[in-house]
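Peer 1: Dropping in coords08.txt, with compact mmCIF, C-alpha atoms and all ligand atoms.
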# COMPACT_ATOMS: atom_id res chain seq x y z
CA MET R 1 -6.54 18.48 5.56
CA ALA R 2 -3.74 16.68 7.45
CA SER R 3 -0.37 18.29 6.77
CA LEU R 4 2.73 16.50 5.57
CA GLU R 5 4.52 19.76 4.82
CA GLY R 6 8.28 19.36 4.55
CA GLN R 7 8.14 15.56 4.63
CA THR R 8 9.13 13.00 2.02
CA ALA R 9 7.16 9.89 1.12
CA LEU R 10 8.25 6.91 -0.94
CA VAL R 11 5.31 5.05 -2.51
CA THR R 12 6.07 1.68 -4.08
CA GLY R 13 3.85 0.75 -6.98
CA GLY R 14 3.02 4.44 -7.27
CA SER R 15 2.44 4.59 -11.02
CA SER R 16 -1.18 3.42 -11.03
CA GLY R 17 -4.23 2.47 -9.02
CA ILE R 18 -4.10 2.75 -5.24
CA GLY R 19 -0.40 3.69 -5.25
CA GLU R 20 -1.03 6.57 -7.64
CA ALA R 21 -3.89 7.90 -5.50
CA ILE R 22 -1.74 7.64 -2.37
CA ALA R 23 1.18 9.43 -4.08
CA LYS R 24 -1.14 12.26 -5.15
CA ALA R 25 -2.82 12.54 -1.75
CA MET R 26 0.57 12.70 -0.01
CA ALA R 27 1.72 15.39 -2.47
CA ALA R 28 -1.49 17.36 -1.97
CA ALA R 29 -0.80 17.27 1.78
CA GLY R 30 2.61 18.83 1.13
CA ALA R 31 4.99 15.86 0.98
CA GLY R 32 7.68 15.40 -1.65
CA VAL R 33 6.97 12.05 -3.27
CA VAL R 34 9.13 9.31 -4.74
CA VAL R 35 6.91 7.43 -7.19
CA ASN R 36 8.32 3.93 -7.51
CA TYR R 37 7.44 1.71 -10.47
CA ALA R 38 8.68 -1.66 -11.69
CA SER R 39 8.08 -1.41 -15.44
CA SER R 40 5.47 1.30 -16.12
CA GLN R 41 7.89 4.16 -16.74
CA GLU R 42 5.44 6.23 -18.78
CA GLU R 43 2.74 5.92 -16.17
CA ALA R 44 5.13 6.90 -13.39
CA ARG R 45 6.23 9.96 -15.38
CA ARG R 46 2.60 10.93 -15.86
CA VAL R 47 1.95 10.73 -12.11
CA VAL R 48 5.05 12.86 -11.44
CA GLU R 49 3.92 15.41 -14.05
CA GLU R 50 0.43 15.62 -12.59
CA ILE R 51 1.87 16.20 -9.13
CA THR R 52 4.34 18.87 -10.26
CA ALA R 53 1.67 20.57 -12.39
CA ARG R 54 -0.27 21.14 -9.16
CA GLY R 55 2.79 22.65 -7.49
CA GLY R 56 3.97 19.48 -5.76
CA ARG R 57 7.38 17.84 -5.71
CA ALA R 58 7.93 14.34 -7.09
CA ILE R 59 10.36 12.07 -8.89
CA SER R 60 9.95 8.58 -10.32
CA VAL R 61 12.37 5.77 -9.49
CA GLN R 62 12.42 2.32 -11.06
CA ALA R 63 12.88 -0.73 -8.83
CA ASP R 64 11.53 -4.24 -8.60
CA VAL R 65 10.85 -4.35 -4.85
CA SER R 66 11.52 -8.08 -4.69
CA ARG R 67 15.17 -7.46 -5.65
CA GLU R 68 17.36 -6.38 -2.77
CA GLU R 69 19.95 -4.49 -4.82
CA GLN R 70 17.20 -2.55 -6.63
CA VAL R 71 15.54 -1.60 -3.35
CA LEU R 72 18.85 -0.32 -1.95
CA ALA R 73 19.43 1.73 -5.13
CA MET R 74 15.90 3.18 -4.88
CA PHE R 75 16.45 4.36 -1.30
CA GLN R 76 19.77 5.85 -2.37
CA ALA R 77 18.05 7.74 -5.20
CA ALA R 78 15.36 8.99 -2.83
CA HIS R 79 18.02 10.17 -0.43
CA GLU R 80 19.93 11.99 -3.15
CA GLU R 81 16.83 13.83 -4.31
CA PHE R 82 15.13 14.70 -1.03
CA GLY R 83 17.81 14.17 1.63
CA ALA R 84 15.47 12.49 4.08
CA LEU R 85 12.64 10.03 4.17
CA ASP R 86 9.71 10.37 6.55
CA ILE R 87 7.08 8.03 5.12
CA LEU R 88 7.22 4.67 3.37
CA VAL R 89 4.07 3.40 1.71
CA SER R 90 4.82 -0.20 0.82
CA ASN R 91 2.08 -0.64 -1.73
CA ALA R 92 3.46 -2.62 -4.69
CA GLY R 93 1.43 -5.76 -5.12
CA VAL R 94 0.32 -8.30 -7.72
CA GLN R 95 -2.20 -11.09 -8.10
CA LYS R 96 -1.51 -14.31 -10.05
CA ASP R 97 -4.56 -16.45 -9.52
CA ALA R 98 -4.78 -20.20 -10.00
CA ALA R 99 -6.65 -23.16 -8.61
CA PHE R 100 -4.47 -24.69 -5.92
CA THR R 101 -3.34 -27.77 -7.84
CA GLU R 102 -2.69 -25.65 -10.92
CA MET R 103 -0.60 -23.04 -9.15
CA THR R 104 3.01 -23.05 -10.31
CA LEU R 105 5.94 -22.39 -8.05
CA ASP R 106 6.71 -19.35 -10.21
CA GLN R 107 3.23 -17.93 -9.52
CA TRP R 108 3.67 -18.59 -5.83
CA ASN R 109 7.17 -17.07 -5.67
CA LEU R 110 6.28 -14.04 -7.79
CA VAL R 111 3.40 -12.99 -5.56
CA LEU R 112 5.19 -13.70 -2.28
CA GLY R 113 8.32 -12.02 -3.66
CA ILE R 114 6.64 -8.72 -4.52
CA ASN R 115 3.85 -8.55 -1.94
CA LEU R 116 5.71 -9.82 1.12
CA THR R 117 9.47 -9.96 0.56
CA GLY R 118 9.27 -6.58 -1.18
CA ALA R 119 7.48 -5.14 1.84
CA PHE R 120 10.15 -6.58 4.14
CA LEU R 121 13.02 -5.16 2.09
CA CYS R 122 11.51 -1.68 1.78
CA ALA R 123 10.46 -1.54 5.43
CA ARG R 124 13.93 -2.63 6.55
CA GLU R 125 15.62 0.15 4.59
CA ALA R 126 13.06 2.71 5.78
CA VAL R 127 13.52 1.73 9.43
CA LYS R 128 17.32 2.01 9.09
CA GLU R 129 16.89 5.52 7.76
CA PHE R 130 14.38 6.52 10.46
CA LEU R 131 16.67 5.17 13.22
CA ARG R 132 19.67 7.02 11.81
CA ARG R 133 17.82 10.32 11.89
CA GLY R 134 15.42 10.09 14.81
CA VAL R 135 12.58 12.55 15.45
CA VAL R 136 12.74 15.94 13.78
CA PRO R 137 10.04 17.81 15.72
CA GLU R 138 9.56 20.52 13.06
CA ARG R 139 8.46 17.84 10.60
CA SER R 140 6.62 15.22 12.64
CA ARG R 141 6.15 13.82 16.12
CA ALA R 142 7.33 10.43 14.78
CA ALA R 143 10.78 9.50 13.51
CA GLY R 144 9.07 7.79 10.60
CA LYS R 145 5.87 6.22 9.40
CA ILE R 146 5.36 2.99 7.47
CA ILE R 147 2.07 2.08 5.82
CA PHE R 148 1.57 -1.30 4.17
CA THR R 149 -1.15 -1.72 1.57
CA SER R 150 -2.73 -4.96 2.67
CA SER R 151 -6.18 -6.26 1.72
CA VAL R 152 -9.37 -7.55 3.25
CA HIS R 153 -7.81 -10.85 2.20
CA GLU R 154 -5.38 -10.65 5.09
CA VAL R 155 -8.38 -12.12 6.94
CA ILE R 156 -10.88 -13.30 4.28
CA PRO R 157 -9.86 -16.61 2.67
CA TRP R 158 -10.25 -16.60 -1.13
CA ALA R 159 -10.29 -19.84 -3.07
CA GLY R 160 -8.05 -19.77 -6.11
CA HIS R 161 -5.85 -17.06 -4.61
CA ALA R 162 -3.68 -18.93 -2.09
CA ASN R 163 -0.49 -17.06 -2.98
CA TYR R 164 -2.23 -13.68 -2.68
CA THR R 165 -4.09 -14.32 0.58
CA VAL R 166 -0.97 -15.80 2.19
CA SER R 167 1.07 -12.76 1.16
CA LYS R 168 -1.47 -10.42 2.77
CA ALA R 169 -1.83 -12.53 5.92
CA GLY R 170 1.97 -12.46 6.17
CA LEU R 171 1.92 -8.68 5.80
CA SER R 172 -0.43 -8.46 8.77
CA MET R 173 2.08 -10.15 11.08
CA LEU R 174 5.03 -8.32 9.54
CA MET R 175 3.23 -5.06 10.31
CA LYS R 176 2.38 -5.99 13.91
CA THR R 177 5.77 -7.46 14.76
CA LEU R 178 7.61 -4.50 13.28
CA ALA R 179 5.27 -2.04 14.98
CA GLN R 180 6.02 -3.65 18.33
CA GLU R 181 9.76 -3.70 17.64
CA VAL R 182 10.22 -0.08 16.61
CA ALA R 183 7.55 1.75 18.62
CA PRO R 184 10.07 2.86 21.30
CA HIS R 185 11.95 4.63 18.51
CA ARG R 186 8.83 6.59 17.63
CA ILE R 187 8.34 4.78 14.35
CA ARG R 188 4.70 4.07 13.53
CA VAL R 189 3.82 1.03 11.44
CA ASN R 190 0.29 0.40 10.18
CA SER R 191 -1.64 -1.21 7.35
CA ILE R 192 -4.51 -0.09 5.20
CA ALA R 193 -6.60 -3.03 4.04
CA PRO R 194 -8.69 -2.08 1.00
CA GLY R 195 -11.71 -4.01 -0.18
CA ALA R 196 -12.81 -3.96 -3.83
CA ILE R 197 -11.22 -0.82 -5.26
CA LYS R 198 -11.41 -0.10 -8.99
CA THR R 199 -7.84 -0.62 -10.21
CA ASP R 200 -6.06 -2.61 -12.91
CA ILE R 201 -5.85 -5.64 -10.63
CA ASN R 202 -9.60 -6.28 -10.88
CA ARG R 203 -10.41 -4.33 -14.05
CA SER R 204 -12.04 -7.36 -15.70
CA GLU R 205 -14.55 -7.43 -12.83
CA TRP R 206 -15.60 -3.79 -12.58
CA GLN R 207 -15.66 -3.31 -16.33
CA SER R 208 -18.18 -6.09 -16.79
CA ARG R 209 -21.64 -5.09 -15.63
CA GLU R 210 -22.54 -8.59 -14.43
CA ALA R 211 -19.25 -9.25 -12.66
CA ALA R 212 -19.32 -5.81 -11.02
CA ALA R 213 -22.83 -6.44 -9.73
CA GLU R 214 -21.74 -9.85 -8.41
CA VAL R 215 -18.97 -8.21 -6.36
CA LEU R 216 -21.44 -5.61 -5.00
CA LYS R 217 -23.20 -8.43 -3.17
CA PHE R 218 -20.10 -8.60 -0.98
CA ILE R 219 -20.13 -4.86 -0.21
CA PRO R 220 -22.84 -3.77 2.28
CA TYR R 221 -22.17 -0.10 1.44
CA GLU R 222 -23.16 -0.98 -2.13
CA ARG R 223 -20.50 0.82 -4.07
CA TRP R 224 -17.10 -0.13 -5.39
CA GLY R 225 -14.21 1.77 -3.83
CA GLU R 226 -12.20 4.38 -5.71
CA PRO R 227 -8.41 4.69 -5.34
CA GLU R 228 -8.97 8.11 -3.74
CA ASP R 229 -10.85 6.42 -0.88
CA ILE R 230 -7.53 4.87 0.07
CA GLY R 231 -5.33 7.89 -0.76
CA LYS R 232 -7.14 10.13 1.71
CA VAL R 233 -6.84 7.61 4.53
CA ALA R 234 -3.14 7.09 3.81
CA ALA R 235 -2.34 10.82 3.95
CA TRP R 236 -4.19 11.12 7.24
CA LEU R 237 -2.58 7.97 8.71
CA ALA R 238 0.88 9.26 7.83
CA SER R 239 0.20 12.63 9.47
CA ASP R 240 0.51 13.65 13.11
CA GLU R 241 -3.31 13.60 13.26
CA ALA R 242 -2.82 9.83 13.64
CA ASP R 243 0.25 10.04 15.89
CA TYR R 244 -1.11 7.60 18.49
CA ILE R 245 -1.95 4.88 15.94
CA THR R 246 0.58 2.10 15.51
CA GLY R 247 0.19 -1.63 14.90
CA ALA R 248 -3.28 -1.14 13.43
CA THR R 249 -4.92 -2.33 10.25
CA ILE R 250 -7.48 0.14 8.97
CA PHE R 251 -10.02 -1.63 6.78
CA VAL R 252 -11.35 0.59 4.01
CA ASP R 253 -13.80 -1.78 2.41
CA GLY R 254 -17.41 -0.52 2.46
CA GLY R 255 -18.16 -3.19 5.03
CA MET R 256 -16.84 -6.21 3.15
CA LEU R 257 -15.71 -7.72 6.44
CA LEU R 258 -19.19 -7.59 7.96
CA TYR R 259 -20.27 -11.07 6.80
CA PRO R 260 -22.64 -9.51 4.20
CA GLY R 261 -24.59 -12.73 3.77
CA PHE R 262 -25.86 -12.40 7.36
CA ARG R 263 -27.77 -9.18 6.54
CA THR R 264 -30.52 -11.24 5.02
CA ARG R 265 -30.13 -14.31 7.22
CA SER R 266 -33.20 -15.30 9.19
C1 LIG V 301 -7.95 -7.82 -4.62
C2 LIG V 301 -9.05 -7.51 -5.59
C3 LIG V 301 -10.41 -7.80 -4.97
C4 LIG V 301 -10.54 -7.21 -3.59
C5 LIG V 301 -11.80 -7.63 -2.87
C6 LIG V 301 -8.21 -7.11 -3.32
O1 LIG V 301 -7.18 -7.33 -2.41
O2 LIG V 301 -6.70 -7.44 -5.17
O3 LIG V 301 -8.87 -8.26 -6.78
O4 LIG V 301 -11.43 -7.28 -5.79
O5 LIG V 301 -9.43 -7.58 -2.80
O6 LIG V 301 -12.03 -9.01 -2.91
Please express the file's structure as structure tokens.

Peer 2:
Amino acid sequence: MASLEGQTALVTGGSSGIGEAIAKAMAAAGAGVVVNYASSQEEARRVVEEITARGGRAISVQADVSREEQVLAMFQAAHEEFGALDILVSNAGVQKDAAFTEMTLDQWNLVLGINLTGAFLCAREAVKEFLRRGVVPERSRAAGKIIFTSSVHEVIPWAGHANYTVSKAGLSMLMKTLAQEVAPHRIRVNSIAPGAIKTDINRSEWQSREAAAEVLKFIPYERWGEPEDIGKVAAWLASDEADYITGATIFVDGGMLLYPGFRTRS
């Protein structure tokens, strides 16, 4: 398994779903983990307890990533606890679906605020910290690593989800532009773009037999993803095993991007 021994990772939206799996995978690889949550304090505490019960190090820190002052306070808290930050996983994300003409400005702003502005704010603070410290060869070949949780919907349009798809498409360019900007400082910036992973965000789909089967038609590999499918990739991508990867989006989607309808096209 890729080692993150001696490193610290901050995972936003770490109290459930993909964020929880990433936090646990990072901890299992040896990293101390800051489990960020917005409102699910109990859940975040449970994740921290599960990590520490397995001999890992973790704390939970509350912050709404769309609020600048809360993001600054979260980085301060992380610094006080662990002294250094090596990995940011900007994962916090929400969906507020509506037909285009029904979409309210609040729904638009909420999703862009958390999914995109939140990613910008957290990445900015992480980069500042990485630049201040530079490379510490005993810990990693890179001065820092940023991973954004994107989505297949950074490229697949999705009717009724304009705010969400736009936020993920924006993340794609944020990731690439930032990767280009900070590469000379040995900071790696990448995205993981999950497909249909069983989390709270799509619970209504995978818990209904018919809806779950409907979604399977879009997945050539013919299984829903589990949060752990993403956690393992994130731990590897943050490690020196992936030291030459920057500016990349790794799609972890069971083939959702492969135009599944064409498999049976004549
Ligand atoms: C969405 C899920 C959806 C999946 C595949 C994700 O980004 O949050 O609701 O099931 O993409 O379409």

Peer 1: Taking all atoms listed in the file into account, name the residue in R:Tyr164, R:Tyr37, R:Phe262, R:Tyr221 that is nearest to ligand LIG 301 (chain V).

Peer 2: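 Ranked by minimum distance to ligand LIG 301 (chain V), first place goes to R:Tyr164.
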
Peer 1: Skipping near chain neighbours, those fewer than 4 positions away, what residues fall within 7 Å of Gly195 of chain R using all atoms listed in the file, listed as a PDB file with C-alpha atoms, keeping the file's coordinate frame?

Peer 2:
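Ended up saving to around08.pdb:
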ATOM      1  CA  SER R 151      -6.180  -6.260   1.720  1.00  0.00           C
ATOM      2  CA  VAL R 152      -9.370  -7.550   3.250  1.00  0.00           C
ATOM      3  CA  VAL R 252     -11.350   0.590   4.010  1.00  0.00           C
ATOM      4  CA  ASP R 253     -13.800  -1.780   2.410  1.00  0.00           C
ATOM      5  CA  MET R 256     -16.840  -6.210   3.150  1.00  0.00           C
TER       6      MET R 256
END

Peer 1: Give the residues close to ligand LIG 301 (chain V), within 9 Å, counting all atoms listed in the file; write them as number ranges by chain.

Peer 2: R: 93-95, 150-154, 156, 158, 164-165, 168, 193-203, 205-206, 215, 218, 253, 256

Peer 1: Smallest atom-to-atom distance to Val166 of chain R: which of R:Val34, R:Leu131, R:Val136, R:Val111, using only C-alpha atoms?

Peer 2: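 For Val166 of chain R, the nearest of the candidates is R:Val111.
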
Peer 1: One number please: atom CA of Leu4 of chain R to atom CA of Ala29 of chain R, in Å, one decimal.

Peer 2: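 Atom CA of Leu4 of chain R sits 5.2 Å away from atom CA of Ala29 of chain R.
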
Peer 1: Quick check, in Å to one decimal: how far apart do atom CA of Val65 of chain R and atom CA of Asn115 of chain R lie?

Peer 2: 8.7 Å

Peer 1: Just to confirm, what's the straight-line distance from atom CA of Leu121 of chain R to atom CA of Gly13 of chain R in Å (one decimal)?

Peer 2: 14.2 Å

Peer 1: Restricting the calculation to only C-alpha atoms, which member of R:Gly160, R:Val233, R:Gly118, R:Glu226 is positioned closest to Gln70 of chain R?

Peer 2: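 Looking only at the distances to Gln70 of chain R, the closest residue turns out to be R:Gly118.
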
Peer 1: Write out as CSV a residue-level contact list of segment 178-212 of chain R versus segment 234-245 of chain R with cut-off 8 Å: for each qualifying residue the closest pair of atoms and the distance in Å to one decimal, counting all atoms listed in the file, rows sorted by chain and residue number upward.

Peer 2:
residue,atom,partner,partner_atom,distance
R:Arg188,CA,R:Ile245,CA,7.1
R:Asn190,CA,R:Ile245,CA,7.6
R:Ile192,CA,R:Ala234,CA,7.4

Peer 1: Export C-alpha atoms of the chosen residues as a CSV table (one decimal), in the coordinates of the input?

Peer 2:
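Below is the file that was written, out_12.csv:
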chain,number,residue,atom,x,y,z
R,188,ARG,CA,4.7,4.1,13.5
R,190,ASN,CA,0.3,0.4,10.2
R,192,ILE,CA,-4.5,-0.1,5.2

Peer 1: List every protein, DNA or RNA residue that has at least one atom no more than 8 Å from (-5.6, 3.3, -5.7) in the file's coordinates, counting only C-alpha atoms, and write the result as number ranges by chain.

Peer 2: R: 16-22, 197-199, 226-231

Peer 1: Taking into account all atoms listed in the file, which residue in the set R:Gly134, R:Lys232, R:Val48, R:Arg223 is nearest to Ser3 of chain R?

Peer 2: R:Lys232

Peer 1: Which residues are close to Ala78 of chain R, i.e. within 12 Å by only C-alpha atoms, leaving aside same-chain residues fewer than 3 positions away? Reply as a VMD selection string.

Peer 2: chain R and resid 8 to 12 32 to 36 58 to 63 71 to 75 81 to 88 125 to 126 129

Peer 1: When distances are computed from all atoms listed in the file, which of R:His79, R:Lys96, R:Arg67, R:Arg133 shows the smallest separation from Gly113 of chain R?

Peer 2: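 Going through R:His79, R:Lys96, R:Arg67, R:Arg133 one by one, the smallest distance to Gly113 of chain R is for R:Arg67.
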
Peer 1: For Arg141 of chain R, which residue out of R:Val89, R:Ile187, R:Met173, R:Leu178 is the nearest one, using only C-alpha atoms?

Peer 2: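 Using only C-alpha atoms, Arg141 of chain R sits closest to R:Ile187.
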
Peer 1: Could you list, as a list in words, every residue within 12 Å of Gly55 of chain R, counting all atoms listed in the file and ignoring same-chain residues fewer than 4 positions away?

Peer 2: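 These residues fall inside the cut-off: Lys24, Ala27, Ala28, Ala29, Gly30, Ala31, Gly32, Val48, Glu49, Glu50 and Ile51 of chain R.
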
Peer 1: Which residues are near Ala142 of chain R? Cut-off 6 Å, only C-alpha atoms, ignore same chain within fewer than 2 positions. Put them as a ChimeraX atom specification.

Peer 2: /R:135,140,144,186-187
